[in-house]
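Asks: As input, take upload07.cif (mmCIF, C-alpha atoms and all ligand atoms):
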data_structure
#
loop_
_atom_site.label_atom_id
_atom_site.label_comp_id
_atom_site.auth_asym_id
_atom_site.auth_seq_id
_atom_site.Cartn_x
_atom_site.Cartn_y
_atom_site.Cartn_z
CA MET A 1 7.03 -43.60 20.99
CA THR A 2 4.25 -41.78 19.19
CA LYS A 3 3.22 -38.23 19.86
CA PRO A 4 0.28 -36.07 18.88
CA VAL A 5 0.63 -34.85 15.29
CA PRO A 6 -1.18 -31.76 13.97
CA GLN A 7 -3.30 -31.95 10.83
CA PRO A 8 -1.57 -31.59 7.44
CA GLY A 9 -0.88 -27.95 6.58
CA ILE A 10 -0.81 -26.63 10.12
CA MET A 11 2.99 -26.72 10.50
CA GLN A 12 3.38 -24.87 7.19
CA ILE A 13 1.66 -21.82 8.66
CA LYS A 14 3.96 -18.92 9.39
CA PRO A 15 2.28 -17.12 12.28
CA TYR A 16 0.81 -13.75 11.36
CA VAL A 17 2.95 -10.80 12.36
CA GLY A 18 1.01 -7.65 13.14
CA GLY A 19 2.26 -4.09 12.78
CA ALA A 20 4.65 -3.17 15.58
CA SER A 21 3.02 -1.07 18.27
CA GLY A 22 6.01 0.21 20.21
CA ILE A 23 9.70 1.03 20.09
CA ASP A 24 11.93 -0.01 22.99
CA GLY A 25 12.79 2.89 25.22
CA MET A 26 10.39 5.34 23.54
CA SER A 27 7.09 6.41 25.01
CA ASN A 28 5.78 8.91 22.49
CA VAL A 29 5.66 6.98 19.26
CA ILE A 30 3.59 7.69 16.18
CA LYS A 31 2.05 4.42 15.03
CA LEU A 32 1.35 4.30 11.32
CA SER A 33 1.78 0.56 10.89
CA SER A 34 -1.66 -1.04 11.20
CA ASN A 35 -4.05 1.11 9.17
CA GLU A 36 -5.91 2.19 12.27
CA ASN A 37 -8.27 5.15 12.21
CA PRO A 38 -6.29 8.06 13.71
CA PHE A 39 -9.53 9.60 14.97
CA GLY A 40 -10.57 6.45 16.82
CA PRO A 41 -14.09 5.09 17.02
CA SER A 42 -17.27 7.13 17.23
CA PRO A 43 -17.94 8.39 20.78
CA LEU A 44 -21.33 6.70 20.42
CA ALA A 45 -19.57 3.34 20.03
CA VAL A 46 -17.46 3.96 23.13
CA GLU A 47 -20.57 4.90 25.08
CA ALA A 48 -22.41 1.76 23.96
CA PHE A 49 -19.36 -0.34 24.88
CA GLN A 50 -19.24 1.14 28.37
CA LYS A 51 -22.96 0.70 28.86
CA ALA A 52 -22.68 -2.95 27.90
CA GLY A 53 -20.27 -3.32 30.81
CA HIS A 54 -23.23 -3.20 33.19
CA ALA A 55 -24.69 -6.45 31.87
CA LEU A 56 -21.67 -8.69 31.53
CA HIS A 57 -23.38 -11.54 33.37
CA ARG A 58 -25.82 -11.90 30.46
CA TYR A 59 -25.07 -14.02 27.43
CA PRO A 60 -25.14 -12.10 24.16
CA ASN A 61 -27.78 -12.97 21.58
CA THR A 62 -26.70 -15.63 19.14
CA ASP A 63 -28.31 -14.40 15.94
CA HIS A 64 -26.88 -10.86 15.83
CA ALA A 65 -30.28 -9.80 14.47
CA SER A 66 -30.09 -6.19 15.59
CA LEU A 67 -26.60 -5.58 14.21
CA ARG A 68 -27.42 -7.36 10.95
CA ALA A 69 -30.56 -5.26 10.58
CA ALA A 70 -28.53 -2.08 11.09
CA ILE A 71 -25.91 -3.17 8.54
CA GLY A 72 -28.64 -4.13 6.09
CA LYS A 73 -30.39 -0.80 6.49
CA LEU A 74 -27.22 1.25 6.02
CA HIS A 75 -26.06 -0.60 2.91
CA GLY A 76 -29.41 -1.63 1.45
CA LEU A 77 -28.70 -5.35 1.95
CA ASP A 78 -30.83 -8.31 3.04
CA PRO A 79 -30.02 -8.86 6.75
CA GLU A 80 -30.84 -12.56 6.36
CA ARG A 81 -27.81 -12.90 4.11
CA ILE A 82 -25.33 -11.25 6.50
CA ILE A 83 -23.04 -13.12 8.91
CA CYS A 84 -21.07 -11.40 11.66
CA GLY A 85 -17.70 -12.58 12.89
CA VAL A 86 -14.80 -11.84 15.19
CA GLY A 87 -13.28 -9.47 12.66
CA SER A 88 -13.57 -10.29 8.99
CA ASP A 89 -10.67 -12.65 9.77
CA GLU A 90 -13.18 -15.04 11.30
CA VAL A 91 -15.44 -14.86 8.25
CA ILE A 92 -12.39 -15.69 6.09
CA THR A 93 -11.68 -18.65 8.41
CA PHE A 94 -15.31 -19.86 8.09
CA LEU A 95 -15.08 -19.65 4.29
CA CYS A 96 -11.91 -21.75 4.15
CA GLN A 97 -13.19 -24.20 6.74
CA CYS A 98 -16.49 -24.74 4.89
CA TYR A 99 -15.41 -24.60 1.26
CA SER A 100 -11.79 -25.73 1.12
CA GLY A 101 -9.82 -28.62 2.54
CA PRO A 102 -7.49 -31.39 1.45
CA GLU A 103 -7.40 -31.81 -2.36
CA THR A 104 -8.62 -28.26 -2.96
CA GLU A 105 -6.78 -25.09 -3.98
CA VAL A 106 -7.29 -21.58 -2.67
CA ILE A 107 -6.18 -18.76 -4.96
CA TYR A 108 -4.90 -15.43 -3.66
CA THR A 109 -2.76 -12.77 -5.29
CA GLU A 110 0.92 -11.91 -4.96
CA HIS A 111 0.49 -8.93 -2.64
CA GLY A 112 -2.72 -10.21 -1.03
CA PHE A 113 -3.54 -10.33 2.68
CA SER A 114 -1.62 -13.06 4.54
CA MET A 115 -4.71 -14.39 6.32
CA TYR A 116 -5.94 -16.07 3.12
CA LYS A 117 -2.92 -18.35 3.00
CA ILE A 118 -3.01 -18.99 6.74
CA SER A 119 -6.72 -19.91 6.70
CA ALA A 120 -6.32 -22.10 3.61
CA LEU A 121 -3.45 -24.03 5.22
CA ALA A 122 -5.38 -24.34 8.47
CA ALA A 123 -8.18 -26.01 6.51
CA GLY A 124 -5.72 -28.41 4.88
CA ALA A 125 -6.05 -26.80 1.44
CA THR A 126 -3.26 -25.85 -0.95
CA PRO A 127 -2.74 -22.08 -1.22
CA VAL A 128 -1.98 -20.92 -4.77
CA MET A 129 -0.46 -17.48 -5.24
CA VAL A 130 -0.88 -15.75 -8.59
CA PRO A 131 1.23 -12.80 -9.76
CA GLU A 132 -0.06 -9.23 -9.85
CA ARG A 133 0.90 -6.78 -12.57
CA GLU A 134 2.63 -3.62 -11.33
CA ARG A 135 0.99 -3.98 -7.92
CA MET A 136 -2.46 -4.47 -9.48
CA VAL A 137 -4.60 -7.60 -9.28
CA ASP A 138 -4.57 -9.24 -12.71
CA VAL A 139 -7.88 -10.97 -13.43
CA ASP A 140 -6.41 -12.95 -16.33
CA GLU A 141 -3.67 -14.39 -14.11
CA ILE A 142 -6.34 -15.50 -11.63
CA LEU A 143 -8.44 -17.15 -14.35
CA LYS A 144 -5.34 -18.89 -15.72
CA ALA A 145 -4.63 -20.41 -12.29
CA VAL A 146 -8.08 -21.98 -11.89
CA THR A 147 -8.10 -25.80 -11.95
CA PRO A 148 -10.82 -28.38 -11.22
CA ARG A 149 -9.50 -28.35 -7.63
CA THR A 150 -9.99 -24.59 -7.12
CA SER A 151 -12.52 -23.94 -4.37
CA LEU A 152 -11.96 -20.30 -3.39
CA VAL A 153 -10.52 -17.10 -4.87
CA PHE A 154 -9.65 -14.15 -2.62
CA VAL A 155 -9.40 -10.63 -4.01
CA THR A 156 -8.81 -7.61 -1.77
CA ASN A 157 -10.39 -4.46 -3.16
CA PRO A 158 -8.94 -1.92 -2.57
CA GLY A 159 -5.77 -3.94 -2.09
CA ASN A 160 -3.65 -4.09 1.04
CA PRO A 161 -0.76 -3.22 1.07
CA THR A 162 -0.99 -1.89 -2.49
CA GLY A 163 -3.94 0.49 -2.09
CA THR A 164 -4.85 -0.09 -5.74
CA MET A 165 -8.26 -1.16 -7.06
CA VAL A 166 -9.51 -3.67 -9.55
CA SER A 167 -11.80 -1.86 -11.99
CA ARG A 168 -15.52 -2.47 -11.77
CA ALA A 169 -15.42 -4.08 -15.23
CA ASP A 170 -12.60 -6.46 -14.31
CA LEU A 171 -14.24 -7.46 -11.05
CA SER A 172 -17.50 -8.30 -12.90
CA ARG A 173 -15.55 -10.19 -15.54
CA LEU A 174 -13.86 -12.30 -12.86
CA ALA A 175 -17.22 -13.10 -11.28
CA ARG A 176 -18.68 -13.99 -14.68
CA GLU A 177 -15.80 -16.11 -15.91
CA LEU A 178 -15.01 -18.09 -12.76
CA PRO A 179 -16.64 -21.54 -12.76
CA ASP A 180 -19.94 -21.56 -10.83
CA GLY A 181 -18.48 -23.96 -8.29
CA VAL A 182 -15.69 -21.58 -7.26
CA LEU A 183 -16.46 -19.12 -4.49
CA MET A 184 -15.10 -15.63 -5.21
CA VAL A 185 -14.46 -13.59 -2.08
CA ILE A 186 -14.16 -9.83 -2.35
CA ASP A 187 -12.44 -8.53 0.79
CA GLY A 188 -13.73 -4.99 1.17
CA ALA A 189 -11.88 -4.08 4.36
CA TYR A 190 -11.18 -0.62 2.89
CA ALA A 191 -14.38 -0.20 0.85
CA GLU A 192 -15.58 2.64 3.09
CA TYR A 193 -12.67 4.76 1.89
CA VAL A 194 -13.81 4.63 -1.73
CA GLU A 195 -16.72 6.90 -2.50
CA GLY A 196 -19.25 5.20 -4.74
CA PHE A 197 -17.85 1.67 -4.27
CA ASP A 198 -20.29 -0.85 -2.80
CA GLY A 199 -17.55 -3.27 -1.75
CA GLY A 200 -18.83 -5.82 -4.24
CA ALA A 201 -22.41 -6.00 -2.89
CA SER A 202 -23.99 -5.69 -6.34
CA LEU A 203 -21.91 -8.64 -7.57
CA VAL A 204 -23.14 -10.68 -4.61
CA GLU A 205 -26.70 -9.89 -5.75
CA LYS A 206 -25.90 -11.04 -9.28
CA PHE A 207 -23.75 -14.12 -8.69
CA PRO A 208 -24.58 -16.84 -6.11
CA ASN A 209 -20.87 -17.70 -5.84
CA VAL A 210 -19.66 -14.21 -4.84
CA VAL A 211 -19.06 -13.28 -1.19
CA MET A 212 -18.19 -9.87 0.24
CA THR A 213 -16.36 -9.44 3.56
CA ARG A 214 -16.26 -6.18 5.51
CA THR A 215 -14.88 -4.95 8.81
CA PHE A 216 -15.35 -2.46 11.63
CA SER A 217 -11.57 -2.38 12.13
CA LYS A 218 -10.65 0.33 9.65
CA MET A 219 -13.06 3.19 8.94
CA TYR A 220 -15.06 2.53 12.11
CA GLY A 221 -11.94 2.58 14.25
CA LEU A 222 -12.83 -0.59 16.18
CA GLY A 223 -9.85 -2.84 15.38
CA GLY A 224 -9.34 -3.53 19.08
CA LEU A 225 -12.88 -4.84 19.45
CA ARG A 226 -12.84 -7.39 16.58
CA ILE A 227 -16.03 -7.17 14.52
CA GLY A 228 -16.46 -8.01 10.86
CA TRP A 229 -19.17 -9.34 8.60
CA GLY A 230 -19.86 -11.07 5.35
CA TYR A 231 -22.59 -10.89 2.71
CA ALA A 232 -23.45 -13.76 0.39
CA SER A 233 -26.30 -15.90 -0.92
CA ALA A 234 -28.70 -17.35 1.65
CA GLU A 235 -27.25 -20.76 0.91
CA VAL A 236 -23.63 -19.76 1.59
CA ILE A 237 -24.59 -17.87 4.75
CA GLY A 238 -26.53 -20.94 5.92
CA VAL A 239 -23.39 -23.03 5.46
CA LEU A 240 -21.12 -20.59 7.29
CA ASN A 241 -23.56 -20.32 10.20
CA ARG A 242 -23.17 -24.03 10.86
CA VAL A 243 -19.56 -23.60 11.91
CA ARG A 244 -19.98 -20.22 13.63
CA GLY A 245 -19.93 -20.47 17.41
CA PRO A 246 -23.30 -19.30 18.77
CA PHE A 247 -21.65 -16.73 21.03
CA ASN A 248 -18.81 -15.69 18.74
CA LEU A 249 -19.54 -12.00 19.31
CA SER A 250 -19.90 -10.57 22.81
CA MET A 251 -22.54 -8.05 23.77
CA PRO A 252 -20.07 -5.13 24.00
CA GLN A 253 -18.90 -5.94 20.46
CA LEU A 254 -22.44 -6.10 19.10
CA ASP A 255 -23.61 -2.93 20.83
CA ALA A 256 -20.55 -0.87 19.95
CA ALA A 257 -20.65 -1.92 16.30
CA GLU A 258 -24.32 -1.05 15.98
CA ALA A 259 -23.78 2.35 17.59
CA ALA A 260 -20.81 3.02 15.29
CA LEU A 261 -23.00 2.46 12.24
CA GLY A 262 -25.33 5.21 13.40
CA ASP A 263 -22.68 7.93 13.59
CA HIS A 264 -22.66 9.10 9.98
CA GLU A 265 -21.02 12.38 10.91
CA HIS A 266 -17.99 10.62 12.35
CA VAL A 267 -17.60 8.44 9.28
CA GLU A 268 -17.94 11.44 6.98
CA ARG A 269 -15.33 13.38 8.88
CA CYS A 270 -12.87 10.46 8.90
CA LEU A 271 -13.41 9.92 5.18
CA ARG A 272 -12.90 13.61 4.40
CA GLU A 273 -9.73 13.84 6.45
CA ASN A 274 -8.32 10.62 5.04
CA THR A 275 -8.91 11.74 1.47
CA ARG A 276 -7.35 15.15 2.10
CA LEU A 277 -4.33 13.95 4.07
CA ARG A 278 -3.69 10.97 1.80
CA ALA A 279 -3.38 13.30 -1.19
CA TRP A 280 -1.16 15.65 0.79
CA LEU A 281 1.13 12.85 2.00
CA ALA A 282 1.42 11.23 -1.43
CA GLU A 283 2.38 14.57 -2.99
CA ALA A 284 4.80 15.43 -0.22
CA LEU A 285 6.57 12.08 -0.57
CA ALA A 286 6.61 12.26 -4.37
CA ALA A 287 8.30 15.65 -4.10
CA LEU A 288 10.98 13.95 -1.98
CA GLY A 289 11.57 11.30 -4.63
CA VAL A 290 9.39 8.66 -3.01
CA PRO A 291 6.59 7.74 -5.43
CA SER A 292 3.45 5.74 -4.72
CA ASP A 293 0.49 4.41 -6.67
CA THR A 294 -2.72 6.38 -6.24
CA SER A 295 -4.14 4.89 -3.06
CA CYS A 296 -7.83 4.12 -2.60
CA ALA A 297 -7.44 3.19 1.08
CA ASN A 298 -6.17 4.72 4.35
CA PHE A 299 -2.49 4.14 3.70
CA ILE A 300 0.17 4.83 1.11
CA LEU A 301 2.60 2.29 -0.29
CA ALA A 302 5.79 4.33 -0.52
CA ARG A 303 8.30 3.01 -3.05
CA PHE A 304 12.05 3.29 -2.54
CA ALA A 305 14.97 2.57 -4.86
CA ASP A 306 15.49 -0.89 -3.38
CA ALA A 307 15.04 -2.99 -0.25
CA ASP A 308 18.16 -1.52 1.38
CA GLU A 309 16.86 2.02 1.07
CA ALA A 310 13.38 1.03 2.32
CA ASN A 311 14.87 -0.72 5.35
CA ALA A 312 17.27 2.14 6.07
CA CYS A 313 14.37 4.58 5.93
CA ASP A 314 12.35 2.39 8.29
CA ASP A 315 15.30 2.24 10.72
CA PHE A 316 15.65 6.01 10.57
CA LEU A 317 11.93 6.58 11.14
CA GLN A 318 12.01 4.22 14.12
CA SER A 319 14.93 6.10 15.61
CA GLU A 320 12.71 9.18 15.38
CA GLY A 321 9.76 7.43 17.03
CA ILE A 322 7.71 6.69 13.93
CA ILE A 323 6.47 3.16 13.19
CA VAL A 324 5.51 2.26 9.63
CA ARG A 325 5.14 -1.19 8.06
CA ARG A 326 7.76 -3.18 6.20
CA VAL A 327 6.06 -5.25 3.51
CA ALA A 328 8.80 -7.61 2.30
CA GLY A 329 6.50 -10.41 3.50
CA TYR A 330 4.03 -9.25 0.83
CA ALA A 331 6.68 -9.46 -1.91
CA LEU A 332 7.26 -5.70 -1.77
CA PRO A 333 10.74 -5.43 -0.19
CA ASN A 334 11.45 -1.98 -1.65
CA CYS A 335 8.30 -0.46 -0.15
CA LEU A 336 7.02 0.80 3.19
CA ARG A 337 3.32 0.98 3.96
CA ILE A 338 2.43 4.16 5.79
CA THR A 339 -1.00 4.61 7.35
CA VAL A 340 -2.56 8.03 6.78
CA GLY A 341 -2.57 9.45 10.30
CA ASP A 342 -3.86 12.75 11.56
CA GLU A 343 -2.41 15.94 10.15
CA ALA A 344 0.45 16.24 12.65
CA SER A 345 1.52 12.61 12.05
CA CYS A 346 1.40 13.04 8.27
CA ARG A 347 3.53 16.18 8.47
CA ARG A 348 5.95 14.53 10.82
CA VAL A 349 6.47 11.38 8.75
CA ALA A 350 6.89 13.41 5.55
CA HIS A 351 9.36 15.69 7.27
CA MET A 352 11.40 12.77 8.57
CA ILE A 353 11.44 11.02 5.20
CA GLY A 354 12.71 14.31 3.79
CA ARG A 355 15.47 14.26 6.40
CA PHE A 356 16.28 10.66 5.52
CA LYS A 357 16.50 11.54 1.84
CA GLY A 358 18.72 14.49 2.68
CA VAL A 359 16.24 16.80 0.98
CA THR A 360 14.89 18.50 4.08
CA PRO A 361 17.51 20.29 6.19
CA ALA A 362 17.78 19.26 9.84
CA THR A 363 16.99 22.76 10.99
CA ASP A 364 13.74 24.19 9.76
CA ASP A 365 10.43 25.28 11.22
CA SER A 366 9.37 21.78 12.11
CA ASN A 367 12.01 21.84 14.83
CA ALA A 368 9.67 24.25 16.56
CA GLU A 369 7.19 21.40 16.49
CA GLU A 370 9.74 19.07 18.06
CA GLY A 371 10.51 21.60 20.75
CA ALA A 372 6.86 22.00 21.56
CA SER A 373 6.06 18.31 21.88
C1 LIG B 1 -7.54 -5.05 8.11
C2 LIG B 1 -7.93 -6.03 7.09
C3 LIG B 1 -8.96 -6.91 7.32
C4 LIG B 1 -9.79 -6.79 8.56
O1 LIG B 1 -9.49 -7.69 9.49
P1 LIG B 1 -10.36 -7.73 10.81
O2 LIG B 1 -10.23 -9.15 11.20
O3 LIG B 1 -11.77 -7.38 10.45
O4 LIG B 1 -9.76 -6.76 11.76
C5 LIG B 1 -9.32 -7.82 6.35
N1 LIG B 1 -8.67 -7.83 5.17
C6 LIG B 1 -7.68 -6.98 4.90
C7 LIG B 1 -7.04 -7.00 3.57
C8 LIG B 1 -7.28 -6.06 5.87
O5 LIG B 1 -6.30 -5.20 5.59
#
Please go through the file and, once you have read it, give me the structure as structure tokens.
Ligand SMILES: *Cc1c(COP(=O)(O)O)cnc(C)c1O
Replies:
Amino acid sequence: MTKPVPQPGIMQIKPYVGGASGIDGMSNVIKLSSNENPFGPSPLAVEAFQKAGHALHRYPNTDHASLRAAIGKLHGLDPERIICGVGSDEVITFLCQCYSGPETEVIYTEHGFSMYKISALAAGATPVMVPERERMVDVDEILKAVTPRTSLVFVTNPGNPTGTMVSRADLSRLARELPDGVLMVIDGAYAEYVEGFDGGASLVEKFPNVVMTRTFSKMYGLGGLRIGWGYASAEVIGVLNRVRGPFNLSMPQLDAAEAALGDHEHVERCLRENTRLRAWLAEALAALGVPSDTSCANFILARFADADEANACDDFLQSEGIIVRRVAGYALPNCLRITVGDEASCRRVAHMIGRFKGVTPATDDSNAEEGAS
């Protein structure tokens, strides 16, 4: 008897596992596992979302013209060359669907985002992982891995879960030295956290084979709503739009995203707090014997002696109601990724890691905090 068989590659996909959002039997957890904005979205975005609720019988527009115009205005980009998707995940899926497939290879880096591999396999392509050097993307390793079958190269900048950045010079060199027929995708999910970094937009202007992807899930605090976008040449955007469903974004998504872009004050405040608390947390952990690379994003990759210590620390934090992210799946078994939360969360996680390390005594002033909560 025959049975339906999925396309090649599909059964090789290991389903994506998101950051845990709860701990059994605990109601008051601190969630630092998914790089969410601890301050939430702009109130203007929430208001626009609620207002959109009054017109749910209407189809959304299909061209996203108003949102693309707002993105273009904010970043100084041509709105005609922007595509919006259900999170940047969907833009990544479009890229793999349109430009890779059987007989092609998709390059991503050792500690790169797992969606690249998933989307490449879903398209029937062969994912090719290249090593990083000391948790940094290594442009030479990428160039070495290119073959005549290479169709796409994914680079996250700043990296997740590493938090490190490829230098401007290296990024340009990669764009310059990749064959013209290879699409280079710069995933700028955390670009908003780096002052003075354009996410790769200027490289898109210079090279017709460079694509930038961005998201509303991180700095804009709209992960639950699923909105992302991409910027590329008119030709590439024209290709991607052929596979995009006409109604891929709902009206509440479109309206909330556009409103979020207009709240500069909220973004500035979130950026300021992230920069301040990230430095504080990194220093506090380093003082406890837990080093990290200088992070350019909204999380810290805390390094432990080995996988056992990292896992034991994670278990201890969970027992204290704190959820961080294990990253063994990203070839970093001795690390934990900790999202920079609000001030109270940062203090609490640092305090508990101190307790775990036996550096911070069990009785100190932060017990007052525990008593009060
Ligand atoms: C969070 C994240 C994204 C964004 O995904 P969305 O689908 O837009 O929520 C993309 N790439 C990386 C590396 C991320 O960490």
Asks: Could you give me the residues within 6 Å of ligand LIG 1 (chain B), counting all atoms listed in the file, as a PDB file with C-alpha atoms, in the coordinates of the input?
Replies:
ATOM      1  CA  GLY A  87     -13.280  -9.470  12.660  1.00  0.00           C
ATOM      2  CA  SER A  88     -13.570 -10.290   8.990  1.00  0.00           C
ATOM      3  CA  ASP A  89     -10.670 -12.650   9.770  1.00  0.00           C
ATOM      4  CA  PHE A 113      -3.540 -10.330   2.680  1.00  0.00           C
ATOM      5  CA  THR A 156      -8.810  -7.610  -1.770  1.00  0.00           C
ATOM      6  CA  ASN A 160      -3.650  -4.090   1.040  1.00  0.00           C
ATOM      7  CA  ASP A 187     -12.440  -8.530   0.790  1.00  0.00           C
ATOM      8  CA  ALA A 189     -11.880  -4.080   4.360  1.00  0.00           C
ATOM      9  CA  THR A 215     -14.880  -4.950   8.810  1.00  0.00           C
ATOM     10  CA  SER A 217     -11.570  -2.380  12.130  1.00  0.00           C
ATOM     11  CA  GLY A 223      -9.850  -2.840  15.380  1.00  0.00           C
ATOM     12  CA  ARG A 226     -12.840  -7.390  16.580  1.00  0.00           C
ATOM     13  CA  ILE A 227     -16.030  -7.170  14.520  1.00  0.00           C
ATOM     14  CA  GLY A 228     -16.460  -8.010  10.860  1.00  0.00           C
TER      15      GLY A 228
END
Asks: Between atom CA of Gln253 of chain A and atom CA of Phe299 of chain A, what is the distance, to one decimal in Å?
Replies: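 If I compute the distance from atom CA of Gln253 of chain A to atom CA of Phe299 of chain A, I get 25.5 Å.
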Asks: May I have the residues at most 12 Å from (-23.5, -19.4, -3.4) in the file's coordinates, counting all atoms listed in the file, as a VMD selection string?
Replies: chain A and resid 81 95 99 151 to 152 175 179 to 185 203 to 212 231 to 240
Asks: Using all atoms listed in the file, which residue out of A:Pro161, A:Ile186, A:Arg133, A:Ala312 lies closest to Ile338 of chain A?
Replies: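 Closest to Ile338 of chain A of all the choices is A:Pro161.
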Asks: Listed atoms of segment 256-262 of chain A, axis-aligned box, 6 Å per side: centre and edge lengths to one decimal in Å, as JSON?
Replies:
{"center_x": -22.9, "center_y": 1.6, "center_z": 16.1, "size_x": 16.8, "size_y": 19.1, "size_z": 19.7}
Asks: Given the point (-8.3, -4.2, -1.5) in the coordinates of this file, which residues lie within 12 Å, counting all atoms listed in the file, and how would they look as a PyMOL selection string?
Replies: chain A and resi 108-109+111-113+135-137+154-167+171+185-194+197+199-200+212-214+295-299
